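A.B. asks: Input file: protein_13.cif. Contents: mmCIF, C-alpha atoms.
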```cif
data_coords
#
loop_
_atom_site.label_atom_id
_atom_site.label_comp_id
_atom_site.auth_asym_id
_atom_site.auth_seq_id
_atom_site.Cartn_x
_atom_site.Cartn_y
_atom_site.Cartn_z
CA MET A 19 96.50 128.27 97.81
CA PHE A 20 97.47 130.73 95.06
CA SER A 21 95.61 129.18 92.10
CA ALA A 22 93.67 131.51 89.83
CA LYS A 23 90.34 129.88 90.70
CA PRO A 24 89.17 129.02 94.22
CA GLU A 25 90.03 125.45 95.14
CA PRO A 26 89.48 123.43 98.31
CA GLU A 27 92.31 123.70 100.84
CA PRO A 28 94.65 120.72 100.35
CA GLU A 29 94.75 118.03 103.02
CA PRO A 30 97.74 118.39 105.35
CA GLU A 31 100.14 115.51 105.68
CA PRO A 32 98.95 113.24 108.48
CA GLU A 33 100.53 114.28 111.75
CA PRO A 34 99.37 113.26 115.20
CA ARG A 35 98.83 116.85 116.42
CA ALA A 36 97.25 118.30 113.27
CA ALA A 37 93.48 118.73 113.40
CA PRO A 38 91.76 117.42 110.23
CA ASN A 39 92.01 119.94 107.37
CA SER A 40 93.79 122.42 109.63
CA PHE A 41 97.23 123.76 108.90
CA VAL A 42 96.50 126.58 111.34
CA GLN A 43 96.13 124.36 114.43
CA GLU A 44 99.47 122.74 113.60
CA LEU A 45 100.93 126.21 113.13
CA CYS A 46 99.76 127.24 116.63
CA TYR A 47 101.37 124.14 118.09
CA ARG A 48 104.69 124.92 116.37
CA ILE A 49 104.65 128.60 117.36
CA LEU A 50 104.10 127.63 121.02
CA HIS A 51 106.96 125.14 120.81
CA GLU A 52 109.31 127.83 119.44
CA LEU A 53 108.20 130.39 122.05
CA ARG A 54 109.05 127.91 124.80
CA ARG A 55 112.46 127.26 123.24
CA GLY A 56 113.18 131.01 123.30
CA LEU A 57 112.05 131.41 126.92
CA ALA A 58 114.03 128.46 128.33
CA LYS A 59 117.65 129.02 129.34
CA GLU A 60 118.80 125.66 127.97
CA THR A 61 117.33 126.10 124.47
CA HIS A 62 117.47 129.93 124.11
CA PRO A 63 120.92 130.06 122.43
CA LYS A 64 119.71 127.91 119.52
CA ALA A 65 116.11 129.18 119.39
CA ASN A 66 114.93 131.06 116.30
CA VAL A 67 112.16 132.92 118.18
CA LYS A 68 114.42 134.57 120.73
CA CYS A 69 111.81 135.84 123.21
CA PHE A 70 114.12 138.58 124.46
CA VAL A 71 113.44 139.93 127.96
CA THR A 72 112.67 143.67 127.78
CA TYR A 73 112.98 144.35 131.54
CA VAL A 74 109.73 146.33 131.31
CA GLN A 75 107.67 145.09 134.26
CA ASP A 76 105.15 147.86 134.81
CA LEU A 77 102.47 149.07 132.43
CA PRO A 78 101.02 152.60 132.48
CA ASN A 79 98.22 153.12 135.00
CA GLY A 80 97.06 156.50 133.69
CA ASN A 81 98.68 158.43 136.56
CA GLU A 82 101.88 159.30 134.67
CA ARG A 83 102.45 163.07 134.54
CA GLY A 84 105.11 165.45 133.32
CA LYS A 85 107.36 166.20 130.33
CA PHE A 86 109.28 163.41 128.62
CA LEU A 87 111.51 163.11 125.59
CA ALA A 88 111.34 160.24 123.14
CA LEU A 89 113.89 159.29 120.53
CA ASP A 90 112.72 156.98 117.74
CA LEU A 91 115.46 155.40 115.63
CA GLY A 92 114.37 152.65 113.28
CA GLY A 93 115.17 153.66 109.71
CA THR A 94 116.71 156.28 107.46
CA ASN A 95 115.05 159.03 109.49
CA PHE A 96 114.70 159.41 113.23
CA ARG A 97 112.26 161.39 115.33
CA VAL A 98 112.65 163.42 118.48
CA LEU A 99 109.47 164.00 120.48
CA LEU A 100 108.53 166.11 123.49
CA ILE A 101 105.48 164.69 125.22
CA HIS A 102 103.63 166.33 128.10
CA LEU A 103 101.40 163.80 129.91
CA GLN A 104 98.45 165.43 131.64
CA GLU A 105 95.36 164.42 133.57
CA ASN A 106 92.44 162.42 132.13
CA ASN A 107 94.60 160.56 129.60
CA ASP A 108 95.35 163.86 127.90
CA PHE A 109 98.71 164.73 126.40
CA GLN A 110 100.46 167.30 124.24
CA MET A 111 103.06 166.17 121.74
CA GLU A 112 105.55 168.02 119.56
CA SER A 113 107.95 166.23 117.27
CA ARG A 114 110.44 166.69 114.49
CA ILE A 115 111.90 164.28 111.94
CA TYR A 116 115.63 164.38 111.20
CA ALA A 117 117.38 162.71 108.27
CA ILE A 118 120.36 160.43 108.66
CA PRO A 119 122.69 161.01 105.69
CA GLN A 120 123.92 157.91 103.86
CA HIS A 121 127.55 158.54 104.84
CA ILE A 122 126.53 158.47 108.53
CA MET A 123 124.46 155.26 108.09
CA ILE A 124 127.63 153.44 107.01
CA GLY A 125 130.17 155.52 108.94
CA SER A 126 131.33 155.10 112.54
CA GLY A 127 129.06 154.59 115.53
CA GLN A 128 130.47 157.74 117.10
CA GLN A 129 129.44 159.77 114.04
CA LEU A 130 125.90 158.38 114.23
CA PHE A 131 125.39 159.08 117.92
CA ASP A 132 127.06 162.52 117.71
CA HIS A 133 124.58 163.38 114.93
CA ILE A 134 121.66 162.20 117.10
CA ALA A 135 122.92 164.14 120.14
CA GLU A 136 123.27 167.31 118.06
CA CYS A 137 119.69 166.98 116.79
CA LEU A 138 118.45 166.33 120.36
CA SER A 139 120.19 169.50 121.54
CA ASN A 140 118.73 171.57 118.67
CA PHE A 141 115.25 170.17 119.34
CA MET A 142 115.41 171.05 123.06
CA ALA A 143 116.52 174.58 122.22
CA GLU A 144 113.68 175.01 119.68
CA HIS A 145 111.08 173.82 122.18
CA HIS A 146 112.39 175.90 125.11
CA VAL A 147 113.34 172.97 127.36
CA TYR A 148 117.09 173.44 126.88
CA GLU A 149 117.60 174.26 130.56
CA GLU A 150 115.40 171.43 131.91
CA ARG A 151 116.58 167.95 132.91
CA LEU A 152 114.23 165.54 131.14
CA PRO A 153 113.79 161.75 131.10
CA LEU A 154 114.08 160.09 127.69
CA GLY A 155 112.71 156.84 126.27
CA PHE A 156 114.76 155.46 123.36
CA THR A 157 112.96 153.39 120.71
CA PHE A 158 115.65 151.42 118.91
CA SER A 159 114.04 149.15 116.32
CA PHE A 160 116.98 146.90 115.55
CA PRO A 161 117.68 143.42 117.00
CA LEU A 162 118.73 144.08 120.59
CA ARG A 163 119.85 141.82 123.42
CA GLN A 164 118.70 143.62 126.55
CA LEU A 165 120.56 143.27 129.83
CA GLY A 166 118.39 145.79 131.69
CA LEU A 167 115.84 148.53 131.15
CA THR A 168 118.67 150.92 130.20
CA LYS A 169 121.20 148.48 128.76
CA GLY A 170 120.97 146.77 125.39
CA LEU A 171 123.58 145.32 123.04
CA LEU A 172 123.04 145.59 119.29
CA GLU A 173 122.89 142.06 117.83
CA THR A 174 123.21 143.11 114.18
CA TRP A 175 122.47 146.12 111.99
CA THR A 176 119.56 145.91 109.52
CA LYS A 177 117.68 148.35 107.20
CA GLY A 178 120.79 149.56 105.40
CA PHE A 179 122.78 150.60 108.50
CA ASP A 180 126.34 149.42 108.98
CA CYS A 181 127.97 151.74 111.52
CA ALA A 182 131.31 150.46 112.78
CA GLY A 183 131.87 149.86 116.50
CA VAL A 184 128.23 149.37 117.53
CA VAL A 185 127.49 145.62 117.19
CA ASN A 186 127.76 143.94 120.62
CA GLU A 187 128.00 147.38 122.26
CA ASP A 188 125.51 149.02 124.65
CA VAL A 189 123.64 151.55 122.51
CA VAL A 190 122.32 153.41 125.58
CA GLN A 191 125.90 154.04 126.71
CA LEU A 192 126.87 155.18 123.20
CA LEU A 193 124.01 157.71 123.29
CA LYS A 194 124.93 158.87 126.81
CA ASP A 195 128.59 159.29 125.75
CA ALA A 196 127.56 161.41 122.76
CA ILE A 197 125.36 163.64 124.96
CA ALA A 198 128.24 163.97 127.47
CA ARG A 199 130.70 164.92 124.70
CA ARG A 200 128.48 167.91 123.91
CA GLY A 201 127.92 168.79 127.56
CA ASP A 202 125.13 171.24 126.78
CA VAL A 203 121.90 169.39 127.69
CA GLN A 204 120.72 167.35 130.68
CA ILE A 205 118.99 164.13 129.62
CA ASP A 206 118.32 161.00 131.66
CA VAL A 207 117.98 157.95 129.37
CA CYS A 208 115.40 155.96 131.37
CA ALA A 209 114.66 153.08 129.00
CA ILE A 210 115.46 151.45 125.70
CA LEU A 211 112.75 149.55 123.84
CA ASN A 212 111.64 148.47 120.37
CA ASP A 213 108.56 149.63 118.47
CA THR A 214 106.51 146.56 119.48
CA THR A 215 106.97 147.33 123.19
CA GLY A 216 106.12 150.97 122.48
CA THR A 217 102.89 149.91 120.75
CA LEU A 218 101.81 147.88 123.80
CA MET A 219 102.67 150.72 126.21
CA SER A 220 100.90 153.35 124.12
CA CYS A 221 97.70 151.29 124.05
CA ALA A 222 97.97 150.25 127.73
CA TRP A 223 97.95 153.92 128.75
CA LYS A 224 94.34 154.15 127.51
CA ASN A 225 93.29 150.51 127.96
CA HIS A 226 94.62 148.65 131.00
CA ASN A 227 93.66 145.26 129.47
CA CYS A 228 96.33 145.69 126.78
CA LYS A 229 98.84 142.87 127.34
CA ILE A 230 100.06 142.18 123.76
CA GLY A 231 101.74 144.52 121.26
CA LEU A 232 101.76 143.64 117.55
CA ILE A 233 103.39 145.20 114.50
CA VAL A 234 102.19 144.26 111.00
CA GLY A 235 103.91 146.75 108.73
CA THR A 236 107.14 146.67 106.78
CA GLY A 237 108.11 143.94 109.24
CA SER A 238 106.21 141.90 111.81
CA ASN A 239 106.82 141.27 115.50
CA ALA A 240 104.93 140.82 118.75
CA CYS A 241 105.54 141.29 122.47
CA TYR A 242 103.44 140.15 125.41
CA VAL A 243 103.22 140.06 129.21
CA GLU A 244 104.76 136.83 130.57
CA LYS A 245 104.99 135.34 134.05
CA VAL A 246 108.48 135.83 135.48
CA GLU A 247 108.86 132.11 136.27
CA GLU A 248 108.36 131.28 132.57
CA ALA A 249 111.02 133.78 131.45
CA GLU A 250 114.15 131.85 132.42
CA MET A 251 116.47 134.40 130.74
CA PHE A 252 115.19 137.17 133.05
CA ASP A 253 118.10 138.00 135.33
CA ALA A 254 117.04 140.49 138.00
CA PRO A 255 118.24 139.64 141.51
CA GLY A 256 115.78 140.69 144.18
CA ASN A 257 112.87 141.04 141.74
CA THR A 258 109.49 140.76 143.47
CA LYS A 259 107.23 141.59 140.52
CA PRO A 260 105.25 138.75 138.90
CA HIS A 261 105.43 139.74 135.22
CA VAL A 262 107.87 140.93 132.54
CA LEU A 263 107.35 142.00 128.96
CA ILE A 264 108.80 139.61 126.35
CA ASN A 265 109.85 140.76 122.86
CA THR A 266 109.31 137.57 120.81
CA GLU A 267 111.13 138.64 117.60
CA TRP A 268 108.77 136.18 115.91
CA GLY A 269 109.74 137.29 112.39
CA ALA A 270 112.43 134.59 112.56
CA PHE A 271 109.91 131.80 113.23
CA GLY A 272 110.43 129.10 110.61
CA ASP A 273 114.13 129.78 109.98
CA ASN A 274 114.71 126.19 111.18
CA GLY A 275 112.20 124.70 108.72
CA ALA A 276 109.15 124.80 111.04
CA LEU A 277 107.14 126.62 108.35
CA ASP A 278 108.18 124.46 105.40
CA PHE A 279 104.86 122.59 105.47
CA VAL A 280 103.00 125.79 104.44
CA ARG A 281 105.63 127.54 102.30
CA THR A 282 105.07 127.80 98.57
CA GLU A 283 107.37 128.12 95.56
CA PHE A 284 106.65 131.87 95.70
CA ASP A 285 107.84 132.14 99.31
CA LYS A 286 111.05 130.36 98.36
CA ASP A 287 111.55 132.74 95.42
CA ILE A 288 111.07 135.78 97.72
CA ASP A 289 113.58 134.36 100.19
CA SER A 290 116.26 133.46 97.66
CA HIS A 291 116.20 136.98 96.17
CA SER A 292 116.12 138.79 99.53
CA ILE A 293 119.08 140.47 101.24
CA ASN A 294 118.85 137.91 104.09
CA PRO A 295 118.14 134.44 102.61
CA GLY A 296 117.07 131.87 105.21
CA LYS A 297 116.24 134.58 107.76
CA GLN A 298 112.93 136.14 108.92
CA THR A 299 110.89 133.36 107.28
CA PHE A 300 107.60 134.15 109.09
CA GLU A 301 107.98 137.88 108.39
CA LYS A 302 108.46 137.23 104.66
CA MET A 303 105.07 135.46 104.52
CA ILE A 304 103.26 138.32 106.31
CA SER A 305 104.74 141.77 106.11
CA GLY A 306 104.29 144.71 103.80
CA MET A 307 107.87 144.51 102.59
CA TYR A 308 107.06 141.31 100.70
CA MET A 309 103.26 141.12 100.20
CA GLY A 310 103.19 142.99 96.89
CA GLU A 311 106.07 140.96 95.50
CA LEU A 312 104.33 137.71 96.47
CA VAL A 313 101.28 138.80 94.46
CA ARG A 314 103.49 139.83 91.51
CA LEU A 315 105.20 136.42 91.42
CA VAL A 316 101.83 134.65 91.27
CA LEU A 317 100.53 137.04 88.60
CA ALA A 318 103.68 136.53 86.54
CA LYS A 319 103.36 132.74 86.70
CA MET A 320 99.66 132.83 85.79
CA THR A 321 100.44 135.13 82.86
CA ASN A 322 103.25 132.91 81.60
CA ASN A 323 100.87 129.94 81.81
CA GLY A 324 98.31 131.78 79.66
CA ILE A 325 95.71 132.02 82.46
CA LEU A 326 95.86 135.82 82.86
CA PHE A 327 95.91 138.67 80.33
CA ASN A 328 95.73 136.22 77.39
CA GLY A 329 99.32 135.32 78.21
CA GLN A 330 100.54 138.86 77.44
CA GLY A 331 102.34 140.50 80.37
CA SER A 332 104.29 143.75 80.59
CA GLU A 333 107.81 144.80 81.46
CA VAL A 334 106.63 146.21 84.80
CA LEU A 335 104.77 142.99 85.71
CA PHE A 336 107.92 140.96 85.10
CA THR A 337 110.20 143.34 87.06
CA ARG A 338 110.93 142.58 90.73
CA GLY A 339 109.65 145.01 93.32
CA LEU A 340 107.30 147.00 91.07
CA PHE A 341 104.00 145.59 92.36
CA PHE A 342 103.70 147.61 95.56
CA THR A 343 101.93 146.32 98.66
CA LYS A 344 99.63 149.37 98.57
CA TYR A 345 98.20 147.94 95.32
CA VAL A 346 96.92 144.90 97.25
CA SER A 347 94.95 147.17 99.62
CA GLU A 348 93.64 149.30 96.74
CA ILE A 349 92.48 146.29 94.68
CA GLU A 350 90.73 144.70 97.67
CA ALA A 351 88.99 148.00 98.49
CA ASP A 352 86.85 147.69 95.34
CA GLU A 353 83.23 146.74 96.01
CA PRO A 354 82.18 143.26 94.78
CA GLY A 355 81.67 143.31 91.00
CA ASN A 356 83.51 146.65 90.71
CA PHE A 357 87.07 146.72 89.37
CA THR A 358 87.78 150.47 89.29
CA ASN A 359 90.87 150.38 91.55
CA CYS A 360 92.03 147.10 90.02
CA ARG A 361 92.00 148.59 86.50
CA LEU A 362 93.87 151.70 87.68
CA VAL A 363 96.58 149.50 89.21
CA LEU A 364 96.79 147.29 86.10
CA GLU A 365 97.16 150.40 83.93
CA GLU A 366 100.10 151.48 86.09
CA LEU A 367 101.58 148.06 85.39
CA GLY A 368 101.13 148.57 81.64
CA LEU A 369 98.21 146.11 81.42
CA SER A 370 95.34 148.13 79.94
CA ASN A 371 93.46 145.36 78.12
CA ALA A 372 92.43 143.26 81.15
CA THR A 373 89.03 141.59 81.01
CA ASP A 374 86.62 141.47 83.96
CA GLY A 375 87.70 137.85 84.34
CA ASP A 376 91.35 138.95 84.60
CA CYS A 377 90.39 141.54 87.22
CA ALA A 378 88.44 138.97 89.24
CA ASN A 379 91.43 136.64 89.23
CA VAL A 380 93.88 139.42 90.16
CA ARG A 381 91.66 140.33 93.10
CA TYR A 382 91.39 136.66 94.12
CA ILE A 383 95.20 136.32 94.13
CA CYS A 384 95.51 139.46 96.29
CA GLU A 385 92.90 138.04 98.67
CA CYS A 386 94.77 134.73 98.94
CA VAL A 387 98.03 136.45 99.85
CA SER A 388 96.55 138.94 102.35
CA LYS A 389 94.21 136.37 103.91
CA ARG A 390 97.09 133.97 104.43
CA ALA A 391 99.14 136.78 106.05
CA ALA A 392 96.22 137.63 108.37
CA HIS A 393 95.77 133.96 109.31
CA LEU A 394 99.49 133.50 110.04
CA VAL A 395 99.49 136.57 112.31
CA SER A 396 96.26 135.36 113.93
CA ALA A 397 97.81 131.97 114.70
CA GLY A 398 100.64 133.79 116.50
CA ILE A 399 98.32 136.10 118.46
CA ALA A 400 95.92 133.27 119.40
CA THR A 401 98.88 131.23 120.64
CA LEU A 402 99.99 134.13 122.88
CA ILE A 403 96.43 134.70 124.18
CA ASN A 404 96.02 131.00 124.97
CA LYS A 405 99.45 130.87 126.65
CA MET A 406 98.64 133.89 128.85
CA ASP A 407 95.27 132.32 129.75
CA GLU A 408 93.66 135.55 131.00
CA PRO A 409 89.90 136.12 130.71
CA TYR A 410 90.19 139.33 128.65
CA VAL A 411 93.12 140.60 126.57
CA THR A 412 93.44 143.69 124.38
CA VAL A 413 96.00 143.50 121.57
CA GLY A 414 97.58 146.84 120.63
CA VAL A 415 98.35 146.84 116.90
CA ASP A 416 100.33 149.13 114.63
CA GLY A 417 101.88 148.95 111.17
CA SER A 418 100.89 149.93 107.64
CA VAL A 419 99.40 146.56 106.62
CA TYR A 420 97.00 146.42 109.59
CA ARG A 421 96.29 150.15 109.37
CA PHE A 422 95.59 150.42 105.62
CA HIS A 423 94.46 147.01 104.33
CA PRO A 424 90.64 147.20 104.22
CA LYS A 425 89.98 143.64 105.46
CA PHE A 426 92.97 142.73 107.63
CA HIS A 427 91.33 143.64 110.95
CA ASN A 428 88.18 141.62 110.25
CA LEU A 429 90.16 138.63 108.94
CA MET A 430 92.20 138.62 112.16
CA VAL A 431 89.18 138.93 114.48
CA GLU A 432 87.43 136.05 112.69
CA LYS A 433 90.44 133.71 112.78
CA ILE A 434 91.59 134.50 116.34
CA THR A 435 88.02 133.88 117.56
CA GLN A 436 88.20 130.37 116.04
CA LEU A 437 91.58 129.62 117.62
CA ILE A 438 91.36 130.84 121.22
CA LYS A 439 90.16 128.78 124.17
CA PRO A 440 86.44 128.95 125.02
CA GLY A 441 85.67 131.64 127.59
CA ILE A 442 88.53 133.98 126.64
CA GLN A 443 87.62 137.35 125.13
CA PHE A 444 89.88 139.72 123.17
CA ASP A 445 89.84 142.85 121.07
CA LEU A 446 92.26 144.53 118.67
CA MET A 447 93.11 148.19 119.30
CA LEU A 448 94.84 150.42 116.77
CA SER A 449 97.88 152.03 118.37
CA GLU A 450 98.54 155.75 118.24
CA ASP A 451 102.25 156.37 117.73
CA GLY A 452 103.74 153.47 119.68
CA SER A 453 107.35 154.20 118.86
CA GLY A 454 106.97 157.85 119.94
CA ARG A 455 104.39 158.14 122.69
CA GLY A 456 105.11 154.53 123.76
CA ALA A 457 108.77 155.37 124.35
CA ALA A 458 107.84 158.38 126.48
CA LEU A 459 105.46 156.18 128.48
CA VAL A 460 108.16 153.60 129.21
CA ALA A 461 110.31 156.47 130.52
CA ALA A 462 107.33 157.84 132.48
CA VAL A 463 106.59 154.48 134.11
CA ALA A 464 110.30 154.03 134.96
CA CYS A 465 110.28 157.47 136.62
CA ARG A 466 107.04 156.65 138.45
CA GLU A 467 108.62 153.47 139.82
CA ASP A 468 111.81 155.26 140.82
CA ILE A 469 109.75 157.78 142.84
CA LEU A 470 107.80 154.96 144.53
CA ASN A 471 110.97 153.01 145.32
CA SER A 472 112.68 156.06 146.84
CA LYS A 473 109.82 156.65 149.30
#
```
Could you render the structure as structure tokens?

C.D. replies:
Amino acid sequence: MFSAKPEPEPEPEPEPRAAPNSFVQELCYRILHELRRGLAKETHPKANVKCFVTYVQDLPNGNERGKFLALDLGGTNFRVLLIHLQENNDFQMESRIYAIPQHIMIGSGQQLFDHIAECLSNFMAEHHVYEERLPLGFTFSFPLRQLGLTKGLLETWTKGFDCAGVVNEDVVQLLKDAIARRGDVQIDVCAILNDTTGTLMSCAWKNHNCKIGLIVGTGSNACYVEKVEEAEMFDAPGNTKPHVLINTEWGAFGDNGALDFVRTEFDKDIDSHSINPGKQTFEKMISGMYMGELVRLVLAKMTNNGILFNGQGSEVLFTRGLFFTKYVSEIEADEPGNFTNCRLVLEELGLSNATDGDCANVRYICECVSKRAAHLVSAGIATLINKMDEPYVTVGVDGSVYRFHPKFHNLMVEKITQLIKPGIQFDLMLSEDGSGRGAALVAAVACREDILNSK
């Protein structure tokens, strides 16, 4: 798949369910199998694709109005947003980014949430809503086991965080406690969600067919609307609503070996040198965190074998992490027969004597890696669309790879079209600020439902 010259796709090992010459059909079968394991009570504890219940049961209908806060915590910075939802799908949004110092990232949980509460208070004062009581949606993009719309236990820290006293604790309660310790602002935390759920909600506000949220960025994940009877882990006594949003956490697909039949030596190299070997196998074959490094590993092997650059590499080429994923997008943005971007990238790598043949092969390797990523994501999305079995589905998508790679959208549309059942239609919609506006919308829908239920 990563050879320097195009070759026919190898024949898969004979398996009863695999269509001739199709790894992708087998992949869809395996993804569906893992989704079902995550949804079922009996198999959920051992499932790799956890299919966490989000407790979000209502999508925006366009009638949400008012002022809402959103808090977006998912990395070394966090954002606070004030969103005013108005008529005709119009909204005003003000936001500010706050840094989280390194000592707080690895300090105590109380320190972290006190810092967040202080920034929330400052933000409300700056934006003249200090005296108002506002609902807040909390985007928390770390692995979370939800027990309700406003209750979620942190499974494990990722992304360089290691705050003591937070794992297995309810992060909504920790935020509420920090706000209460200050005692100066009135905030109702209405919902906790991750960025994938926010992406779906943000798109659903404008397009009521949106039933799937997808992230293809630094990481990859998807959520979708599932029938309540299929979601055996959904524990809501007295529930009368037919659907619930499921956060698949599909990045962990393949951690049990289900992807071994399509993994390469380069995938295994990426995994063994990662901070979480054996984890997030699917994500490592797709996401922006690893795409550039996958290309670099192939380039390095081809150079060592004398196929590229006359066998003469550079220090940068042979150094881990220095072929950035943005280079893949830049190289593939060149018009056919033109290698302007490719040569600029190679010069940055210290490879200034590349021939046109070298450039063509570098571009081909980039195309192999990005096309495979797009096809893996497409297999996942097609599996969800087929499982939902609705006549028309919009997929809300966010993330740097989907947003900036020049061909990713078209590759996905082409492959999903091949994989979905006849008669089903779909489209892909670029999300606008899922983790910010999406969080406010989850809070807005929760408030809308509370008002309806109190009548």

A.B. asks: Per residue of region 141-240 of chain A within 7 Å of region 91-95 of chain A, note the shortest atom pair and the distance in Å to one decimal, counting only C-alpha atoms, and order the rows by chain and increasing residue number, as JSON lines.

C.D. replies:
```
{"residue": "A:Thr157", "atom": "CA", "partner": "A:Leu91", "partner_atom": "CA", "distance": 6.0}
{"residue": "A:Phe158", "atom": "CA", "partner": "A:Leu91", "partner_atom": "CA", "distance": 5.2}
{"residue": "A:Ser159", "atom": "CA", "partner": "A:Gly92", "partner_atom": "CA", "distance": 4.6}
{"residue": "A:Phe160", "atom": "CA", "partner": "A:Gly92", "partner_atom": "CA", "distance": 6.7}
{"residue": "A:Lys177", "atom": "CA", "partner": "A:Gly93", "partner_atom": "CA", "distance": 6.4}
```

A.B. asks: Report as a PDB file with C-alpha atoms, in the coordinates of the input the full result of the PyMOL selection byres ((chain A and resi 149) around 12) when it is applied to this structure.

C.D. replies:
```
ATOM      1  CA  SER A 139     120.190 169.500 121.540  1.00  0.00           C
ATOM      2  CA  MET A 142     115.410 171.050 123.060  1.00  0.00           C
ATOM      3  CA  ALA A 143     116.520 174.580 122.220  1.00  0.00           C
ATOM      4  CA  GLU A 144     113.680 175.010 119.680  1.00  0.00           C
ATOM      5  CA  HIS A 145     111.080 173.820 122.180  1.00  0.00           C
ATOM      6  CA  HIS A 146     112.390 175.900 125.110  1.00  0.00           C
ATOM      7  CA  VAL A 147     113.340 172.970 127.360  1.00  0.00           C
ATOM      8  CA  TYR A 148     117.090 173.440 126.880  1.00  0.00           C
ATOM      9  CA  GLU A 150     115.400 171.430 131.910  1.00  0.00           C
ATOM     10  CA  ARG A 151     116.580 167.950 132.910  1.00  0.00           C
ATOM     11  CA  LEU A 152     114.230 165.540 131.140  1.00  0.00           C
ATOM     12  CA  ASP A 202     125.130 171.240 126.780  1.00  0.00           C
ATOM     13  CA  VAL A 203     121.900 169.390 127.690  1.00  0.00           C
ATOM     14  CA  GLN A 204     120.720 167.350 130.680  1.00  0.00           C
ATOM     15  CA  ILE A 205     118.990 164.130 129.620  1.00  0.00           C
TER      16      ILE A 205
END
```

A.B. asks: Give me, as a ChimeraX atom specification, all polymer residues having an atom no more than 12 Å from Gly275 (chain A), counting only C-alpha atoms and skipping those fewer than 5 positions away in the same chain.

C.D. replies: /A:48,52,66,270,280-281,286,296-300

A.B. asks: Of the candidates A:Ile442, A:Ala462, A:Ile124, A:Ala240, which one gets nearest to Ile399 (chain A) if we count all atoms listed in the file?

C.D. replies: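 Result for the nearest residue to Ile399 (chain A): A:Ala240.
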
A.B. asks: Mind checking which residues fall within 12 Å of Val316 (chain A), counting only C-alpha atoms, ignoring those fewer than 3 positions away in the same chain, and posting them as a PyMOL selection string?

C.D. replies: chain A and resi 19-22+282-285+287-288+309-313+319-323+325-326+335-336+341+379-384+386-387

A.B. asks: Written as a list in words, which residues does the PyMOL selection byres ((chain A and resi 118) around 8) give for the file shown?

C.D. replies: Thr94, Asn95, Phe96, Tyr116, Ala117, Pro119, Gln120, Ile122 and Met123 of chain A

A.B. asks: List as a PDB file with C-alpha atoms, in the frame of the given file the protein and nucleic acid residues near Ile49 (chain A), meaning an atom at most 10 Å away when all atoms listed in the file are counted, but skip any in the same chain fewer than 5 places from it.

C.D. replies:
```
ATOM      1  CA  GLN A  43      96.130 124.360 114.430  1.00  0.00           C
ATOM      2  CA  GLU A  44      99.470 122.740 113.600  1.00  0.00           C
ATOM      3  CA  ARG A  54     109.050 127.910 124.800  1.00  0.00           C
ATOM      4  CA  ARG A  55     112.460 127.260 123.240  1.00  0.00           C
ATOM      5  CA  VAL A  67     112.160 132.920 118.180  1.00  0.00           C
ATOM      6  CA  TRP A 268     108.770 136.180 115.910  1.00  0.00           C
ATOM      7  CA  PHE A 271     109.910 131.800 113.230  1.00  0.00           C
ATOM      8  CA  GLY A 272     110.430 129.100 110.610  1.00  0.00           C
ATOM      9  CA  ALA A 276     109.150 124.800 111.040  1.00  0.00           C
ATOM     10  CA  LEU A 277     107.140 126.620 108.350  1.00  0.00           C
ATOM     11  CA  ALA A 397      97.810 131.970 114.700  1.00  0.00           C
ATOM     12  CA  GLY A 398     100.640 133.790 116.500  1.00  0.00           C
ATOM     13  CA  ILE A 399      98.320 136.100 118.460  1.00  0.00           C
ATOM     14  CA  THR A 401      98.880 131.230 120.640  1.00  0.00           C
ATOM     15  CA  LEU A 402      99.990 134.130 122.880  1.00  0.00           C
TER      16      LEU A 402
END
```

A.B. asks: Scan for residues within 9 Å of the point (94.3, 147.4, 81.5) in the coordinates of the file, using all atoms listed in the file, and reply as JSON, numbers by chain.

C.D. replies: {"A": [327, 360, 361, 362, 363, 364, 365, 366, 367, 368, 369, 370, 371, 372, 373]}

A.B. asks: Can you tell me, as a ChimeraX atom specification, what residues are no more than 7 Å from Ala392 (chain A) when counting only C-alpha atoms, ignoring any on the same chain fewer than 2 positions away?

C.D. replies: /A:388-390,394-396,426,429-430

A.B. asks: Tell me which residues come within 10 Å of (119.0, 165.1, 119.0), as a list of chain:residue names, counting only C-alpha atoms in the file's coordinates.

C.D. replies: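 These residues have at least one counted atom within 10 Å: A:Ala88, A:Leu89, A:Phe96, A:Arg97, A:Val98, A:Leu99, A:Arg114, A:Tyr116, A:Phe131, A:Asp132, A:His133, A:Ile134, A:Ala135, A:Glu136, A:Cys137, A:Leu138, A:Ser139, A:Asn140, A:Phe141, A:Met142, A:Leu193, A:Ile197.
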
A.B. asks: Selection in question (the file shown): the PyMOL selection byres ((chain A and resi 166) around 10). Which residues does it include, as a PyMOL selection string?

C.D. replies: chain A and resi 71-74+163-165+167-170+209-210+252-254

A.B. asks: Separation of CA of Gly306 (chain A) and CA of Met111 (chain A), in Å?

C.D. replies: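 Going from CA of Gly306 (chain A) over to CA of Met111 (chain A), I get 28.0 Å.
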
A.B. asks: Choose the residue, out of A:Asp374, A:Asp213, A:Asp278, A:Glu187, that has the smallest atom-to-atom separation from Ala457 (chain A); count all atoms listed in the file.

C.D. replies: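 Using all atoms listed in the file, the shortest distance to Ala457 (chain A) belongs to A:Asp213.
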
A.B. asks: Near Val246 (chain A), counting all atoms listed in the file, which residues have an atom at most 6 Å away, once you skip same-chain residues fewer than 3 positions from it, shown as an MDAnalysis selection string?

C.D. replies: chainID A and resid 249 260:262
